Amino acid sequence: QVQLVESGGGLVQPGGSLRLSCAASGFTLDYYVLGWFRQAPGKEREIVSCISSSDGRTYYSDSVKGRFTISIDNAENTVSLQMNSLKPENTAVYYCAADPSAFSLDTMFEWGPPHYGLDYWGQGTQVTVSS
């Protein structure tokens with residue numbers, strides 16, 4: 001059974017950092033397409049960062065580029081999102097999503113919202129940036 005479990009969310013002051021982790025079970029992160037998404041109240045789900053083993057590409061949305069870093073730990077079978085210089089507008093529920101089909105990021109964008117063609121989603125973790 002495939003499962004994704006996020007952790008690491010919480011309350012942080014503007015300018016602070018958080019590291020989100022997503023533990024995958026039921027499949028290994030050897031061949032994958034996966035990403036971090038977020039949804040703020042009243043807003044559509046949006047891509048934060050994604051990565052595919054198919055084409056080796058990594059994508060960051062313009063709003064987080066240079067501040068957030070996605071990484072994979074194959075030994076622990078986890079994918080993390082390091083978030084630095086957080087801003088109040090980064091407040092949202094953050095979701096990890098993955099698919100072992102390992103299609104390219106172009107294909108993922110073609111699928112589009114809400115699920116971007118990704119079959120497996122975590123339950124989400126709340127990130128609140130506030131003073």
# chains A, B, ... in the order shown; residues from 1 in each chain; ligands from 1

$ closest_atom_pairs --of "stretch 63-103 of chain A" --to "stretch 9-24 of chain A" --cutoff "6 Å" --atoms "only C-alpha atoms" --output "JSON lines"
{"residue": "A:Asn77", "atom": "CA", "partner": "A:Ala24", "partner_atom": "CA", "distance": 5.8}
{"residue": "A:Thr78", "atom": "CA", "partner": "A:Ala23", "partner_atom": "CA", "distance": 4.5}
{"residue": "A:Val79", "atom": "CA", "partner": "A:Cys22", "partner_atom": "CA", "distance": 5.2}
{"residue": "A:Ser80", "atom": "CA", "partner": "A:Ser21", "partner_atom": "CA", "distance": 4.3}
{"residue": "A:Leu81", "atom": "CA", "partner": "A:Leu20", "partner_atom": "CA", "distance": 5.1}
{"residue": "A:Gln82", "atom": "CA", "partner": "A:Arg19", "partner_atom": "CA", "distance": 4.4}
{"residue": "A:Met83", "atom": "CA", "partner": "A:Leu18", "partner_atom": "CA", "distance": 5.3}
{"residue": "A:Asn84", "atom": "CA", "partner": "A:Ser17", "partner_atom": "CA", "distance": 4.4}
{"residue": "A:Ser85", "atom": "CA", "partner": "A:Gly15", "partner_atom": "CA", "distance": 4.1}
{"residue": "A:Leu86", "atom": "CA", "partner": "A:Gly15", "partner_atom": "CA", "distance": 4.9}
{"residue": "A:Lys87", "atom": "CA", "partner": "A:Pro14", "partner_atom": "CA", "distance": 5.1}

$ write_last_selection --atoms "C-alpha atoms" --output "short mmCIF file (atom, residue, chain, number, x, y, z; two decimals), in the first residue's frame"
data_model
loop_
_atom_site.label_atom_id
_atom_site.label_comp_id
_atom_site.auth_asym_id
_atom_site.auth_seq_id
_atom_site.Cartn_x
_atom_site.Cartn_y
_atom_site.Cartn_z
CA ASN A 77 12.93 7.02 1.27
CA THR A 78 11.92 10.58 2.06
CA VAL A 79 11.58 13.81 0.15
CA SER A 80 12.12 17.09 1.97
CA LEU A 81 11.42 20.74 1.38
CA GLN A 82 13.75 23.20 3.11
CA MET A 83 11.98 26.54 3.36
CA ASN A 84 14.02 29.63 4.24
CA SER A 85 13.16 33.32 4.51
CA LEU A 86 9.51 32.48 5.00
CA LYS A 87 6.87 35.11 4.35
#

$ select_by_dssp --residues "stretch 11-105 of chain A" --states "strand (DSSP E)" --output "PDB file with C-alpha atoms, in the first residue's frame"
ATOM      1  CA  LEU A  11       4.154  28.224  13.274  1.00  0.00           C
ATOM      2  CA  VAL A  12       7.188  30.309  12.356  1.00  0.00           C
ATOM      3  CA  LEU A  18      11.055  25.194   8.362  1.00  0.00           C
ATOM      4  CA  ARG A  19      11.941  21.808   6.914  1.00  0.00           C
ATOM      5  CA  LEU A  20       9.075  19.641   5.713  1.00  0.00           C
ATOM      6  CA  SER A  21       9.594  15.909   5.266  1.00  0.00           C
ATOM      7  CA  CYS A  22       7.524  13.347   3.411  1.00  0.00           C
ATOM      8  CA  ALA A  23       8.069   9.679   4.193  1.00  0.00           C
ATOM      9  CA  ALA A  24       7.109   7.324   1.396  1.00  0.00           C
ATOM     10  CA  SER A  25       6.117   3.707   1.913  1.00  0.00           C
ATOM     11  CA  VAL A  33       7.843  12.126 -10.234  1.00  0.00           C
ATOM     12  CA  LEU A  34       7.016  13.985  -7.065  1.00  0.00           C
ATOM     13  CA  GLY A  35       6.420  17.394  -5.690  1.00  0.00           C
ATOM     14  CA  TRP A  36       5.334  19.710  -2.957  1.00  0.00           C
ATOM     15  CA  PHE A  37       2.105  21.633  -3.372  1.00  0.00           C
ATOM     16  CA  ARG A  38       0.245  24.070  -1.168  1.00  0.00           C
ATOM     17  CA  GLN A  39      -3.252  25.368  -0.761  1.00  0.00           C
ATOM     18  CA  GLU A  46      -0.481  25.404  -6.520  1.00  0.00           C
ATOM     19  CA  ILE A  47       2.841  23.801  -7.255  1.00  0.00           C
ATOM     20  CA  VAL A  48       5.703  24.769  -4.969  1.00  0.00           C
ATOM     21  CA  SER A  49       8.439  22.485  -6.248  1.00  0.00           C
ATOM     22  CA  CYS A  50       8.656  19.238  -8.160  1.00  0.00           C
ATOM     23  CA  ILE A  51      11.231  16.804  -9.483  1.00  0.00           C
ATOM     24  CA  SER A  52      11.271  13.899 -11.894  1.00  0.00           C
ATOM     25  CA  THR A  58      13.726  20.187 -10.837  1.00  0.00           C
ATOM     26  CA  TYR A  59      11.140  22.986 -10.835  1.00  0.00           C
ATOM     27  CA  TYR A  60      10.463  25.778  -8.362  1.00  0.00           C
ATOM     28  CA  PHE A  68      13.100  26.719  -0.981  1.00  0.00           C
ATOM     29  CA  THR A  69      15.045  23.543  -1.794  1.00  0.00           C
ATOM     30  CA  ILE A  70      13.634  20.108  -2.592  1.00  0.00           C
ATOM     31  CA  SER A  71      15.777  17.067  -1.851  1.00  0.00           C
ATOM     32  CA  ILE A  72      15.506  13.293  -1.812  1.00  0.00           C
ATOM     33  CA  ASP A  73      17.053  10.887   0.685  1.00  0.00           C
ATOM     34  CA  THR A  78      11.924  10.576   2.060  1.00  0.00           C
ATOM     35  CA  VAL A  79      11.575  13.814   0.146  1.00  0.00           C
ATOM     36  CA  SER A  80      12.117  17.085   1.970  1.00  0.00           C
ATOM     37  CA  LEU A  81      11.421  20.743   1.378  1.00  0.00           C
ATOM     38  CA  GLN A  82      13.746  23.197   3.107  1.00  0.00           C
ATOM     39  CA  MET A  83      11.981  26.536   3.363  1.00  0.00           C
ATOM     40  CA  ALA A  92      -0.890  27.228   3.591  1.00  0.00           C
ATOM     41  CA  VAL A  93      -1.405  23.521   3.944  1.00  0.00           C
ATOM     42  CA  TYR A  94       1.528  21.837   2.225  1.00  0.00           C
ATOM     43  CA  TYR A  95       1.067  18.506   0.501  1.00  0.00           C
ATOM     44  CA  CYS A  96       3.546  15.968  -0.747  1.00  0.00           C
ATOM     45  CA  ALA A  97       2.536  14.015  -3.846  1.00  0.00           C
ATOM     46  CA  ALA A  98       4.233  11.317  -5.864  1.00  0.00           C
ATOM     47  CA  ASP A  99       3.799   8.819  -8.630  1.00  0.00           C
TER      48      ASP A  99
END

$ atom_distance --atom1 "atom CA of A:Asp30" --atom2 "atom CA of A:Ser101"
10.6 Å

$ residues_around --residues "A:Gly26" --least-positions-apart "5" --cutoff "9 Å" --atoms "only C-alpha atoms" --output "list of chain:residue names"
A:Gln1, A:Val2, A:Gln3, A:Leu4

$ select_by_dssp --residues "stretch 34-119 of chain A" --states "alpha helix (DSSP H)" --output "PDB file with N, CA and C atoms, in the first residue's frame"
ATOM      1  N   LEU A 105       8.250  16.180 -16.042  1.00  0.00           N
ATOM      2  CA  LEU A 105       7.584  17.358 -15.497  1.00  0.00           C
ATOM      3  C   LEU A 105       6.671  18.002 -16.540  1.00  0.00           C
ATOM      4  N   ASP A 106       7.070  17.963 -17.811  1.00  0.00           N
ATOM      5  CA  ASP A 106       6.195  18.498 -18.862  1.00  0.00           C
ATOM      6  C   ASP A 106       4.852  17.780 -18.865  1.00  0.00           C
ATOM      7  N   THR A 107       4.881  16.463 -18.708  1.00  0.00           N
ATOM      8  CA  THR A 107       3.636  15.690 -18.660  1.00  0.00           C
ATOM      9  C   THR A 107       2.833  16.068 -17.427  1.00  0.00           C
ATOM     10  N   MET A 108       3.513  16.257 -16.307  1.00  0.00           N
ATOM     11  CA  MET A 108       2.821  16.639 -15.081  1.00  0.00           C
ATOM     12  C   MET A 108       2.101  17.981 -15.260  1.00  0.00           C
ATOM     13  N   PHE A 109       2.773  18.949 -15.878  1.00  0.00           N
ATOM     14  CA  PHE A 109       2.131  20.244 -16.114  1.00  0.00           C
ATOM     15  C   PHE A 109       0.984  20.119 -17.103  1.00  0.00           C
ATOM     16  N   GLU A 110       1.093  19.203 -18.054  1.00  0.00           N
ATOM     17  CA  GLU A 110      -0.006  18.984 -18.997  1.00  0.00           C
ATOM     18  C   GLU A 110      -1.244  18.434 -18.286  1.00  0.00           C
ATOM     19  N   TRP A 111      -1.032  17.549 -17.319  1.00  0.00           N
ATOM     20  CA  TRP A 111      -2.153  17.057 -16.511  1.00  0.00           C
ATOM     21  C   TRP A 111      -2.831  18.211 -15.777  1.00  0.00           C
TER      22      TRP A 111
END

$ closest_residue --among "A:Thr28, A:Ser7, A:Ser53, A:Ser63" --to "A:Ser104" --atoms "only C-alpha atoms"
A:Ser53

$ closest_residue --among "A:Gln123, A:Tyr31, A:Arg57, A:Val129" --to "A:Thr91" --atoms "only C-alpha atoms"
A:Val129

$ residues_around --residues "stretch 42-45 of chain A" --least-positions-apart "5" --cutoff "9 Å" --atoms "only C-alpha atoms" --output "number ranges by chain"
A: 37, 113-115

$ write_last_selection --atoms "N, CA, C and O atoms" --output "PDB file, in the first residue's frame"
ATOM      1  N   PHE A  37       3.167  20.739  -2.963  1.00  0.00           N
ATOM      2  CA  PHE A  37       2.105  21.633  -3.372  1.00  0.00           C
ATOM      3  C   PHE A  37       1.583  22.332  -2.127  1.00  0.00           C
ATOM      4  O   PHE A  37       1.824  21.876  -1.014  1.00  0.00           O
ATOM      5  N   PRO A 113      -3.874  21.042 -12.616  1.00  0.00           N
ATOM      6  CA  PRO A 113      -4.598  20.885 -11.358  1.00  0.00           C
ATOM      7  C   PRO A 113      -5.897  20.119 -11.551  1.00  0.00           C
ATOM      8  O   PRO A 113      -6.426  20.068 -12.657  1.00  0.00           O
ATOM      9  N   PRO A 114      -6.422  19.516 -10.486  1.00  0.00           N
ATOM     10  CA  PRO A 114      -5.882  19.624  -9.131  1.00  0.00           C
ATOM     11  C   PRO A 114      -4.831  18.588  -8.777  1.00  0.00           C
ATOM     12  O   PRO A 114      -4.113  18.768  -7.802  1.00  0.00           O
ATOM     13  N   HIS A 115      -4.727  17.489  -9.546  1.00  0.00           N
ATOM     14  CA  HIS A 115      -3.871  16.399  -9.113  1.00  0.00           C
ATOM     15  C   HIS A 115      -2.598  16.235  -9.943  1.00  0.00           C
ATOM     16  O   HIS A 115      -1.733  15.436  -9.585  1.00  0.00           O
TER      17      HIS A 115
END

$ atom_distance --atom1 "atom CA of A:Pro41" --atom2 "atom CA of A:Pro88"
13.2 Å
